[in-house]
$ cat coords.cif   # mmCIF, C-alpha atoms
data_entry
loop_
_atom_site.label_atom_id
_atom_site.label_comp_id
_atom_site.auth_asym_id
_atom_site.auth_seq_id
_atom_site.Cartn_x
_atom_site.Cartn_y
_atom_site.Cartn_z
CA MET O 1 -13.85 -0.33 -9.29
CA ILE O 2 -11.35 -2.78 -10.69
CA ARG O 3 -7.84 -2.66 -9.27
CA SER O 4 -4.70 -4.15 -10.69
CA VAL O 5 -1.49 -4.46 -8.71
CA ILE O 6 2.11 -4.59 -9.86
CA TYR O 7 4.03 -6.53 -7.22
CA ASP O 8 7.33 -7.27 -8.91
CA LEU O 9 8.65 -5.72 -12.09
CA VAL O 10 12.11 -7.04 -12.81
CA VAL O 11 14.25 -6.43 -15.87
CA ASP O 12 17.45 -8.39 -16.36
CA PRO O 13 20.39 -6.10 -15.46
CA GLU O 14 21.79 -6.58 -18.97
CA TYR O 15 18.68 -4.86 -20.39
CA GLN O 16 18.02 -2.21 -17.73
CA GLY O 17 18.05 1.44 -18.71
CA GLN O 18 16.46 0.77 -22.11
CA GLY O 19 12.89 1.67 -21.12
CA ILE O 20 11.66 -1.94 -21.10
CA GLY O 21 10.03 -1.77 -17.65
CA GLU O 22 8.42 1.60 -18.33
CA GLU O 23 7.06 0.37 -21.67
CA TRP O 24 5.61 -2.73 -19.99
CA VAL O 25 3.80 -0.60 -17.39
CA LYS O 26 2.49 1.81 -20.05
CA ARG O 27 1.19 -1.08 -22.18
CA CYS O 28 -0.62 -2.58 -19.19
CA ILE O 29 -2.27 0.77 -18.44
CA ARG O 30 -3.27 1.26 -22.09
CA HIS O 31 -4.64 -2.30 -22.31
CA TYR O 32 -6.70 -1.88 -19.11
CA PRO O 33 -7.57 1.84 -19.05
CA CYS O 34 -10.55 1.51 -16.66
CA THR O 35 -8.42 -0.04 -13.92
CA GLU O 36 -6.96 1.66 -10.87
CA TRP O 37 -3.32 0.62 -10.92
CA LEU O 38 -1.44 0.08 -7.65
CA VAL O 39 2.25 -0.66 -7.18
CA GLN O 40 3.77 -2.46 -4.23
CA THR O 41 7.43 -1.50 -4.18
CA THR O 42 10.31 -0.47 -1.97
CA GLU O 43 11.22 3.11 -1.08
CA ASP O 44 14.32 3.14 -3.29
CA ILE O 45 12.24 2.26 -6.39
CA ALA O 46 9.22 4.50 -5.64
CA GLY O 47 10.67 7.40 -7.65
CA TYR O 48 10.72 5.21 -10.77
CA TYR O 49 6.93 4.87 -10.61
CA LYS O 50 6.38 8.51 -9.59
CA LYS O 51 8.04 9.56 -12.87
CA MET O 52 5.32 7.58 -14.67
CA GLY O 53 2.57 9.45 -12.81
CA PHE O 54 1.91 7.15 -9.86
CA LYS O 55 1.13 8.90 -6.57
CA ARG O 56 1.90 7.75 -3.05
CA TYR O 57 -0.99 6.57 -0.89
CA LYS O 58 -0.76 6.96 2.85
CA ASP O 59 -3.11 4.00 3.32
CA VAL O 60 -2.32 0.99 5.42
CA VAL O 61 -1.83 -2.15 3.37
CA LEU O 62 -2.82 -5.46 4.91
CA SER O 63 -2.38 -8.89 3.39
CA ILE O 64 -2.77 -12.51 4.32
CA LEU O 65 -1.08 -15.49 2.75
CA SER O 66 -3.34 -18.01 1.10
CA LYS O 67 -2.99 -21.75 1.36
CA TRP O 68 -2.41 -22.04 -2.37
CA VAL O 69 1.09 -22.62 -3.64
CA ILE O 70 2.03 -21.94 -7.25
CA LEU O 71 4.91 -24.01 -8.52
#
$ encode --input "coords.cif" --output "structure tokens"
Amino acid sequence: MIRSVIYDLVVDPEYQGQGIGEEWVKRCIRHYPCTEWLVQTTEDIAGYYKKMGFKRYKDVVLSILSKWVIL
């Protein structure tokens, strides 16, 4: 199974509330329909993704930093 992860979705405050973020997420899902989509977000934003159909996992998430640096 292929998984795609949304780590940070940020819309400039001047343009928030216009559906830009939601449209971006929907386009990603339409473009990659055979992908399991995961979102890493904070509790206060979780409801935003739930409205789009995302469900909460009770899994433990582990990560490790790589030695690569992107500049």
$ atom_distance --input "coords.cif" --atom1 "CA of Gln18 (chain O)" --atom2 "CA of Tyr57 (chain O)"
28.1 Å
$ closest_residue --input "coords.cif" --among "O:Met52, O:Gly21, O:Cys28, O:Asp44" --to "Asp8 (chain O)" --atoms "only C-alpha atoms"
O:Gly21
$ atom_distance --input "coords.cif" --atom1 "CA of Lys55 (chain O)" --atom2 "CA of Ile20 (chain O)"
21.0 Å
$ residues_around --input "coords.cif" --residues "Arg3 (chain O)" --least-positions-apart "4" --cutoff "6 Å" --atoms "only C-alpha atoms" --output "PDB file with C-alpha atoms, in the coordinates of the input"
ATOM      1  CA  THR O  35      -8.420  -0.040 -13.920  1.00  0.00           C
ATOM      2  CA  GLU O  36      -6.960   1.660 -10.870  1.00  0.00           C
ATOM      3  CA  TRP O  37      -3.320   0.620 -10.920  1.00  0.00           C
TER       4      TRP O  37
END
$ atom_distance --input "coords.cif" --atom1 "CA of Val11 (chain O)" --atom2 "CA of Arg30 (chain O)"
20.1 Å
$ decode --input "coords.cif" --residues "region 4-49 of chain O" --atoms "N, CA and C atoms" --output "mmCIF file, in the first residue's frame"
data_model
loop_
_atom_site.group_PDB
_atom_site.id
_atom_site.type_symbol
_atom_site.label_atom_id
_atom_site.label_comp_id
_atom_site.auth_asym_id
_atom_site.auth_seq_id
_atom_site.Cartn_x
_atom_site.Cartn_y
_atom_site.Cartn_z
ATOM 1 N N SER O 4 0.698 8.457 1.612
ATOM 2 C CA SER O 4 1.140 9.839 1.462
ATOM 3 C C SER O 4 0.788 10.564 2.749
ATOM 4 N N VAL O 5 1.653 11.487 3.145
ATOM 5 C CA VAL O 5 1.467 12.181 4.419
ATOM 6 C C VAL O 5 1.456 13.687 4.198
ATOM 7 N N ILE O 6 0.489 14.345 4.785
ATOM 8 C CA ILE O 6 0.456 15.803 4.815
ATOM 9 C C ILE O 6 1.007 16.211 6.174
ATOM 10 N N TYR O 7 2.149 16.884 6.164
ATOM 11 C CA TYR O 7 2.765 17.316 7.417
ATOM 12 C C TYR O 7 2.378 18.752 7.764
ATOM 13 N N ASP O 8 2.472 19.621 6.817
ATOM 14 C CA ASP O 8 2.170 21.025 7.066
ATOM 15 C C ASP O 8 1.370 21.583 5.901
ATOM 16 N N LEU O 9 0.190 22.033 6.183
ATOM 17 C CA LEU O 9 -0.631 22.712 5.180
ATOM 18 C C LEU O 9 -0.887 24.104 5.736
ATOM 19 N N VAL O 10 -0.297 25.092 5.097
ATOM 20 C CA VAL O 10 -0.383 26.456 5.604
ATOM 21 C C VAL O 10 -0.912 27.367 4.500
ATOM 22 N N VAL O 11 -1.919 28.130 4.832
ATOM 23 C CA VAL O 11 -2.460 29.131 3.915
ATOM 24 C C VAL O 11 -2.235 30.490 4.560
ATOM 25 N N ASP O 12 -1.727 31.419 3.797
ATOM 26 C CA ASP O 12 -1.493 32.778 4.275
ATOM 27 C C ASP O 12 -2.780 33.299 4.925
ATOM 28 N N PRO O 13 -2.674 33.897 6.117
ATOM 29 C CA PRO O 13 -3.865 34.387 6.817
ATOM 30 C C PRO O 13 -4.764 35.277 5.954
ATOM 31 N N GLU O 14 -4.174 36.011 5.042
ATOM 32 C CA GLU O 14 -4.947 36.891 4.162
ATOM 33 C C GLU O 14 -5.916 36.100 3.275
ATOM 34 N N TYR O 15 -5.584 34.825 3.006
ATOM 35 C CA TYR O 15 -6.390 34.010 2.099
ATOM 36 C C TYR O 15 -7.133 32.876 2.798
ATOM 37 N N GLN O 16 -7.045 32.794 4.118
ATOM 38 C CA GLN O 16 -7.734 31.739 4.853
ATOM 39 C C GLN O 16 -9.245 31.945 4.788
ATOM 40 N N GLY O 17 -9.969 30.840 4.923
ATOM 41 C CA GLY O 17 -11.423 30.904 4.911
ATOM 42 C C GLY O 17 -12.034 30.926 3.520
ATOM 43 N N GLN O 18 -11.201 30.746 2.489
ATOM 44 C CA GLN O 18 -11.687 30.764 1.109
ATOM 45 C C GLN O 18 -11.708 29.368 0.487
ATOM 46 N N GLY O 19 -11.399 28.340 1.290
ATOM 47 C CA GLY O 19 -11.431 26.971 0.782
ATOM 48 C C GLY O 19 -10.174 26.540 0.052
ATOM 49 N N ILE O 20 -9.116 27.331 0.124
ATOM 50 C CA ILE O 20 -7.879 27.022 -0.600
ATOM 51 C C ILE O 20 -7.237 25.750 -0.071
ATOM 52 N N GLY O 21 -7.099 25.623 1.236
ATOM 53 C CA GLY O 21 -6.490 24.430 1.826
ATOM 54 C C GLY O 21 -7.301 23.184 1.543
ATOM 55 N N GLU O 22 -8.599 23.275 1.691
ATOM 56 C CA GLU O 22 -9.474 22.129 1.431
ATOM 57 C C GLU O 22 -9.387 21.705 -0.037
ATOM 58 N N GLU O 23 -9.362 22.670 -0.940
ATOM 59 C CA GLU O 23 -9.255 22.353 -2.368
ATOM 60 C C GLU O 23 -7.922 21.673 -2.665
ATOM 61 N N TRP O 24 -6.853 22.133 -2.038
ATOM 62 C CA TRP O 24 -5.532 21.530 -2.241
ATOM 63 C C TRP O 24 -5.548 20.067 -1.811
ATOM 64 N N VAL O 25 -6.122 19.792 -0.641
ATOM 65 C CA VAL O 25 -6.196 18.411 -0.143
ATOM 66 C C VAL O 25 -7.047 17.561 -1.084
ATOM 67 N N LYS O 26 -8.193 18.062 -1.504
ATOM 68 C CA LYS O 26 -9.072 17.306 -2.407
ATOM 69 C C LYS O 26 -8.388 17.007 -3.737
ATOM 70 N N ARG O 27 -7.636 17.963 -4.265
ATOM 71 C CA ARG O 27 -6.919 17.735 -5.528
ATOM 72 C C ARG O 27 -5.847 16.671 -5.367
ATOM 73 N N CYS O 28 -5.140 16.693 -4.247
ATOM 74 C CA CYS O 28 -4.127 15.653 -3.993
ATOM 75 C C CYS O 28 -4.776 14.275 -3.962
ATOM 76 N N ILE O 29 -5.890 14.160 -3.266
ATOM 77 C CA ILE O 29 -6.581 12.873 -3.152
ATOM 78 C C ILE O 29 -7.097 12.417 -4.516
ATOM 79 N N ARG O 30 -7.643 13.337 -5.302
ATOM 80 C CA ARG O 30 -8.117 12.976 -6.648
ATOM 81 C C ARG O 30 -6.957 12.563 -7.553
ATOM 82 N N HIS O 31 -5.822 13.239 -7.428
ATOM 83 C CA HIS O 31 -4.662 12.957 -8.283
ATOM 84 C C HIS O 31 -4.018 11.620 -7.931
ATOM 85 N N TYR O 32 -4.067 11.238 -6.661
ATOM 86 C CA TYR O 32 -3.496 9.972 -6.184
ATOM 87 C C TYR O 32 -4.578 9.169 -5.459
ATOM 88 N N PRO O 33 -5.561 8.641 -6.179
ATOM 89 C CA PRO O 33 -6.703 7.983 -5.543
ATOM 90 C C PRO O 33 -6.382 6.637 -4.894
ATOM 91 N N CYS O 34 -5.290 6.005 -5.268
ATOM 92 C CA CYS O 34 -4.946 4.683 -4.713
ATOM 93 C C CYS O 34 -3.971 4.799 -3.555
ATOM 94 N N THR O 35 -3.916 5.944 -2.938
ATOM 95 C CA THR O 35 -3.001 6.213 -1.837
ATOM 96 C C THR O 35 -3.779 6.317 -0.536
ATOM 97 N N GLU O 36 -3.210 5.768 0.532
ATOM 98 C CA GLU O 36 -3.770 6.021 1.869
ATOM 99 C C GLU O 36 -3.188 7.350 2.330
ATOM 100 N N TRP O 37 -4.029 8.295 2.606
ATOM 101 C CA TRP O 37 -3.581 9.622 3.020
ATOM 102 C C TRP O 37 -3.571 9.735 4.541
ATOM 103 N N LEU O 38 -2.464 10.208 5.082
ATOM 104 C CA LEU O 38 -2.315 10.441 6.517
ATOM 105 C C LEU O 38 -2.033 11.920 6.738
ATOM 106 N N VAL O 39 -2.470 12.438 7.871
ATOM 107 C CA VAL O 39 -2.219 13.835 8.220
ATOM 108 C C VAL O 39 -1.560 13.873 9.583
ATOM 109 N N GLN O 40 -0.467 14.591 9.676
ATOM 110 C CA GLN O 40 0.154 14.842 10.974
ATOM 111 C C GLN O 40 -0.189 16.281 11.330
ATOM 112 N N THR O 41 -0.974 16.447 12.382
ATOM 113 C CA THR O 41 -1.450 17.780 12.724
ATOM 114 C C THR O 41 -1.591 17.925 14.235
ATOM 115 N N THR O 42 -1.987 19.084 14.658
ATOM 116 C CA THR O 42 -2.198 19.337 16.085
ATOM 117 C C THR O 42 -3.677 19.135 16.416
ATOM 118 N N GLU O 43 -3.964 18.983 17.684
ATOM 119 C CA GLU O 43 -5.334 18.718 18.137
ATOM 120 C C GLU O 43 -6.304 19.817 17.704
ATOM 121 N N ASP O 44 -5.868 21.068 17.757
ATOM 122 C CA ASP O 44 -6.772 22.172 17.428
ATOM 123 C C ASP O 44 -7.126 22.247 15.942
ATOM 124 N N ILE O 45 -6.373 21.573 15.090
ATOM 125 C CA ILE O 45 -6.644 21.572 13.651
ATOM 126 C C ILE O 45 -7.290 20.264 13.196
ATOM 127 N N ALA O 46 -7.310 19.247 14.047
ATOM 128 C CA ALA O 46 -7.812 17.921 13.664
ATOM 129 C C ALA O 46 -9.235 17.980 13.107
ATOM 130 N N GLY O 47 -10.085 18.810 13.670
ATOM 131 C CA GLY O 47 -11.462 18.924 13.201
ATOM 132 C C GLY O 47 -11.562 19.376 11.753
ATOM 133 N N TYR O 48 -10.622 20.181 11.313
ATOM 134 C CA TYR O 48 -10.571 20.649 9.923
ATOM 135 C C TYR O 48 -10.485 19.459 8.977
ATOM 136 N N TYR O 49 -9.619 18.500 9.307
ATOM 137 C CA TYR O 49 -9.433 17.318 8.464
ATOM 138 C C TYR O 49 -10.581 16.317 8.631
#
